[in-house]
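Some notes on the structure that comes next.
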Amino acid sequence: MTDEKLIKEGLNGKDSLKIILSGYVDKSENENTEEKVGVVSVMFVSENKELVIKKIEEFEAKYPERYFMVYSVPLDTNLEELNHYPSIAIFQSDLN
């Protein structure tokens, strides 16, 4: 489910800080509806590449239904100013 090529790009990116994001579809917390919601979570942040590799392997084993991504980002930066900042797209078709 996870794109290994893009994860490797994030792990090998020039910036030292690595962020693991998780994306998945969950039931709404509103008990009066069966609506599904897309959730994106920051799961782990480190400058230790080997630890990030270990953690993403653990997360993929623990949550096989989730989509994971690793981003390499600079410190002290408004991430909106980057060409592509840490995000995961969840489409309407994912919620069906």
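Ligands are numbered from 1 in the order shown, chains are lettered A, B, ... in the order of the structure tokens, and residues start at 1 in each chain.
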For A:Leu75: contacts at 10 Å, only C-alpha atoms, fewer than 5 positions along chain excluded, given as a list in words: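 The neighbour list is Asp15, Ser16 and Leu17 of chain A.
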Output file for the selection above: N, CA and C atoms, as an mmCIF file, in the first residue's frame:
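Okay, this is what ended up in out13.cif:
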```
data_model
loop_
_atom_site.group_PDB
_atom_site.id
_atom_site.type_symbol
_atom_site.label_atom_id
_atom_site.label_comp_id
_atom_site.auth_asym_id
_atom_site.auth_seq_id
_atom_site.Cartn_x
_atom_site.Cartn_y
_atom_site.Cartn_z
ATOM 1 N N ASP A 15 17.706 17.112 3.504
ATOM 2 C CA ASP A 15 17.434 17.706 4.809
ATOM 3 C C ASP A 15 17.493 16.651 5.908
ATOM 4 N N SER A 16 17.992 17.052 7.070
ATOM 5 C CA SER A 16 18.263 16.080 8.128
ATOM 6 C C SER A 16 17.014 15.589 8.858
ATOM 7 N N LEU A 17 15.981 16.393 8.953
ATOM 8 C CA LEU A 17 14.797 16.007 9.702
ATOM 9 C C LEU A 17 13.912 15.114 8.837
#
```
Using only C-alpha atoms, which protein or nucleic acid residues come within 9 Å of A:Gly10? Drop anything in the same chain fewer than 5 positions from it, and give the result as number ranges by chain. A: 5, 18-19, 69-73
Could you save those same residues with N, CA, C and O atoms as an mmCIF file, in the first residue's frame?
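The resulting file, selection25.cif, is reproduced below:
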```
data_model
loop_
_atom_site.group_PDB
_atom_site.id
_atom_site.type_symbol
_atom_site.label_atom_id
_atom_site.label_comp_id
_atom_site.auth_asym_id
_atom_site.auth_seq_id
_atom_site.Cartn_x
_atom_site.Cartn_y
_atom_site.Cartn_z
ATOM 1 N N LYS A 5 9.318 3.673 -3.390
ATOM 2 C CA LYS A 5 10.213 4.605 -4.086
ATOM 3 C C LYS A 5 10.174 5.989 -3.440
ATOM 4 O O LYS A 5 11.211 6.601 -3.188
ATOM 5 N N LYS A 18 13.546 13.964 9.377
ATOM 6 C CA LYS A 18 12.681 13.015 8.665
ATOM 7 C C LYS A 18 11.363 12.909 9.421
ATOM 8 O O LYS A 18 11.342 12.776 10.645
ATOM 9 N N ILE A 19 10.259 12.984 8.688
ATOM 10 C CA ILE A 19 8.922 12.907 9.266
ATOM 11 C C ILE A 19 8.184 11.724 8.645
ATOM 12 O O ILE A 19 8.148 11.591 7.419
ATOM 13 N N MET A 69 4.225 7.592 4.475
ATOM 14 C CA MET A 69 5.125 8.399 3.673
ATOM 15 C C MET A 69 6.194 8.975 4.588
ATOM 16 O O MET A 69 5.933 9.274 5.752
ATOM 17 N N VAL A 70 7.403 9.107 4.042
ATOM 18 C CA VAL A 70 8.493 9.757 4.769
ATOM 19 C C VAL A 70 8.889 11.004 4.000
ATOM 20 O O VAL A 70 9.050 10.967 2.779
ATOM 21 N N TYR A 71 9.020 12.102 4.714
ATOM 22 C CA TYR A 71 9.465 13.353 4.120
ATOM 23 C C TYR A 71 10.759 13.795 4.779
ATOM 24 O O TYR A 71 10.959 13.591 5.971
ATOM 25 N N SER A 72 11.619 14.397 4.002
ATOM 26 C CA SER A 72 12.847 15.017 4.476
ATOM 27 C C SER A 72 12.610 16.520 4.432
ATOM 28 O O SER A 72 12.331 17.070 3.365
ATOM 29 N N VAL A 73 12.667 17.169 5.595
ATOM 30 C CA VAL A 73 12.350 18.590 5.647
ATOM 31 C C VAL A 73 13.420 19.369 6.408
ATOM 32 O O VAL A 73 14.059 18.847 7.309
#
```
Name the closest residue to A:Ser46 among the candidates A:Ile20, A:Glu60, A:Ile7, A:Glu34; distances are taken between atoms, counting only C-alpha atoms.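 Nearest candidate to A:Ser46 out of A:Ile20, A:Glu60, A:Ile7, A:Glu34: A:Ile20.
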I'd like the contact shell of stretch 21-33 of chain A - 12 Å cut-off, only C-alpha atoms, skipping same-chain residues fewer than 5 positions apart - returned as a tab-separated table (two decimals) with N, CA, C and O atoms, in the first residue's frame.
```tsv
chain	number	residue	atom	x	y	z
A	1	MET	N	0.82	-1.20	0.00
A	1	MET	CA	0.00	0.00	0.00
A	1	MET	C	0.86	1.26	0.00
A	1	MET	O	0.47	2.28	-0.51
A	2	THR	N	2.05	1.20	0.55
A	2	THR	CA	2.93	2.34	0.64
A	2	THR	C	3.86	2.37	-0.58
A	2	THR	O	4.28	1.34	-1.06
A	7	ILE	N	9.20	6.70	-0.39
A	7	ILE	CA	9.76	6.61	0.97
A	7	ILE	C	11.27	6.69	0.91
A	7	ILE	O	11.90	7.41	1.70
A	10	GLY	N	12.35	10.22	0.47
A	10	GLY	CA	12.26	10.96	1.72
A	10	GLY	C	13.39	10.62	2.66
A	10	GLY	O	13.98	11.50	3.30
A	38	GLY	N	-11.16	10.83	6.29
A	38	GLY	CA	-9.75	10.60	6.01
A	38	GLY	C	-8.92	11.23	7.11
A	38	GLY	O	-9.20	12.35	7.54
A	39	VAL	N	-7.94	10.50	7.58
A	39	VAL	CA	-7.09	10.97	8.68
A	39	VAL	C	-5.63	10.95	8.23
A	39	VAL	O	-5.17	9.95	7.67
A	40	VAL	N	-4.92	12.04	8.49
A	40	VAL	CA	-3.48	12.09	8.25
A	40	VAL	C	-2.84	12.43	9.58
A	40	VAL	O	-3.22	13.40	10.23
A	41	SER	N	-1.87	11.60	9.99
A	41	SER	CA	-1.22	11.78	11.29
A	41	SER	C	0.29	11.83	11.13
A	41	SER	O	0.86	11.09	10.33
A	42	VAL	N	0.92	12.67	11.92
A	42	VAL	CA	2.38	12.63	12.04
A	42	VAL	C	2.67	11.54	13.05
A	42	VAL	O	2.21	11.59	14.19
A	43	MET	N	3.42	10.52	12.63
A	43	MET	CA	3.67	9.36	13.48
A	43	MET	C	5.02	9.39	14.19
A	43	MET	O	5.16	8.86	15.29
A	44	PHE	N	6.02	10.00	13.55
A	44	PHE	CA	7.37	9.96	14.12
A	44	PHE	C	8.22	11.02	13.44
A	44	PHE	O	8.07	11.27	12.25
A	45	VAL	N	9.12	11.63	14.21
A	45	VAL	CA	10.03	12.64	13.69
A	45	VAL	C	11.41	12.39	14.29
A	45	VAL	O	11.53	12.18	15.49
A	52	VAL	N	14.45	6.03	11.80
A	52	VAL	CA	13.25	6.26	10.98
A	52	VAL	C	12.95	5.01	10.15
A	52	VAL	O	11.79	4.59	10.05
A	55	LYS	N	11.42	2.50	12.50
A	55	LYS	CA	10.06	2.87	12.91
A	55	LYS	C	9.05	2.68	11.78
A	55	LYS	O	7.94	2.19	12.02
A	56	ILE	N	9.42	3.01	10.55
A	56	ILE	CA	8.44	2.84	9.47
A	56	ILE	C	8.16	1.35	9.24
A	56	ILE	O	7.02	0.96	8.99
A	59	PHE	N	5.72	0.43	11.96
A	59	PHE	CA	4.38	0.96	11.68
A	59	PHE	C	3.69	0.19	10.56
A	59	PHE	O	2.51	-0.11	10.64
A	60	GLU	N	4.43	-0.14	9.50
A	60	GLU	CA	3.84	-0.89	8.39
A	60	GLU	C	3.38	-2.27	8.84
A	60	GLU	O	2.34	-2.75	8.38
A	62	LYS	N	2.49	-3.04	12.00
A	62	LYS	CA	1.42	-2.85	12.97
A	62	LYS	C	0.12	-2.38	12.32
A	62	LYS	O	-0.97	-2.73	12.76
A	63	TYR	N	0.22	-1.55	11.28
A	63	TYR	CA	-0.94	-0.97	10.61
A	63	TYR	C	-0.90	-1.24	9.11
A	63	TYR	O	-0.70	-0.32	8.31
A	64	PRO	N	-1.08	-2.48	8.68
A	64	PRO	CA	-0.94	-2.81	7.25
A	64	PRO	C	-1.97	-2.13	6.35
A	64	PRO	O	-1.75	-2.00	5.15
A	65	GLU	N	-3.08	-1.67	6.92
A	65	GLU	CA	-4.13	-1.02	6.12
A	65	GLU	C	-3.85	0.46	5.87
A	65	GLU	O	-4.55	1.10	5.10
A	66	ARG	N	-2.84	1.00	6.50
A	66	ARG	CA	-2.53	2.42	6.37
A	66	ARG	C	-1.51	2.69	5.27
A	66	ARG	O	-0.73	1.82	4.90
A	67	TYR	N	-1.54	3.91	4.79
A	67	TYR	CA	-0.56	4.39	3.80
A	67	TYR	C	0.47	5.22	4.57
A	67	TYR	O	0.10	6.04	5.42
A	68	PHE	N	1.74	4.99	4.31
A	68	PHE	CA	2.81	5.73	5.00
A	68	PHE	C	3.67	6.48	4.00
A	68	PHE	O	3.85	6.05	2.85
A	69	MET	N	4.23	7.59	4.48
A	69	MET	CA	5.12	8.40	3.67
A	69	MET	C	6.19	8.98	4.59
A	69	MET	O	5.93	9.27	5.75
A	70	VAL	N	7.40	9.11	4.04
A	70	VAL	CA	8.49	9.76	4.77
A	70	VAL	C	8.89	11.00	4.00
A	70	VAL	O	9.05	10.97	2.78
A	71	TYR	N	9.02	12.10	4.71
A	71	TYR	CA	9.46	13.35	4.12
A	71	TYR	C	10.76	13.79	4.78
A	71	TYR	O	10.96	13.59	5.97
A	72	SER	N	11.62	14.40	4.00
A	72	SER	CA	12.85	15.02	4.48
A	72	SER	C	12.61	16.52	4.43
A	72	SER	O	12.33	17.07	3.36
A	85	TYR	N	5.25	20.07	0.46
A	85	TYR	CA	5.41	19.89	1.90
A	85	TYR	C	4.70	18.63	2.36
A	85	TYR	O	3.88	18.07	1.64
A	86	PRO	N	5.03	18.14	3.56
A	86	PRO	CA	4.47	16.87	4.04
A	86	PRO	C	2.94	16.83	4.01
A	86	PRO	O	2.28	17.64	4.66
A	87	SER	N	2.43	15.89	3.23
A	87	SER	CA	0.98	15.74	3.12
A	87	SER	C	0.66	14.38	2.51
A	87	SER	O	1.51	13.76	1.89
A	88	ILE	N	-0.56	13.95	2.72
A	88	ILE	CA	-1.08	12.74	2.09
A	88	ILE	C	-2.48	13.09	1.60
A	88	ILE	O	-3.30	13.61	2.36
A	89	ALA	N	-2.77	12.81	0.34
A	89	ALA	CA	-4.09	13.08	-0.22
A	89	ALA	C	-5.01	11.91	0.04
A	89	ALA	O	-4.64	10.75	-0.14
A	90	ILE	N	-6.20	12.22	0.52
A	90	ILE	CA	-7.25	11.21	0.69
A	90	ILE	C	-8.42	11.64	-0.17
A	90	ILE	O	-8.98	12.73	0.01
A	91	PHE	N	-8.77	10.81	-1.14
A	91	PHE	CA	-9.78	11.15	-2.13
A	91	PHE	C	-11.16	10.64	-1.71
A	91	PHE	O	-11.27	9.71	-0.89
A	92	GLN	N	-12.19	11.22	-2.28
A	92	GLN	CA	-13.55	10.78	-2.00
A	92	GLN	C	-13.72	9.29	-2.26
A	92	GLN	O	-14.36	8.59	-1.49
A	93	SER	N	-13.08	8.77	-3.31
A	93	SER	CA	-13.19	7.33	-3.62
A	93	SER	C	-12.60	6.48	-2.51
A	93	SER	O	-13.00	5.33	-2.31
A	94	ASP	N	-11.64	7.00	-1.75
A	94	ASP	CA	-11.07	6.26	-0.61
A	94	ASP	C	-12.10	6.13	0.51
A	94	ASP	O	-12.00	5.21	1.33
A	95	LEU	N	-13.04	7.04	0.55
A	95	LEU	CA	-14.03	7.06	1.64
A	95	LEU	C	-15.24	6.20	1.35
A	95	LEU	O	-16.08	6.01	2.22
A	96	ASN	N	-15.37	5.69	0.14
A	96	ASN	CA	-16.52	4.86	-0.23
A	96	ASN	C	-16.33	3.43	0.23
A	96	ASN	O	-15.34	2.92	0.46
```
Figure out the distance between atom CA of A:Lys14 and atom CA of A:Glu80, please, to one decimal in Å. 17.8 Å
Interatomic distance (Å, one decimal) between atom CA of A:Lys49 and atom CA of A:Leu6: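 Computing it gives 15.0 Å between the two atoms.
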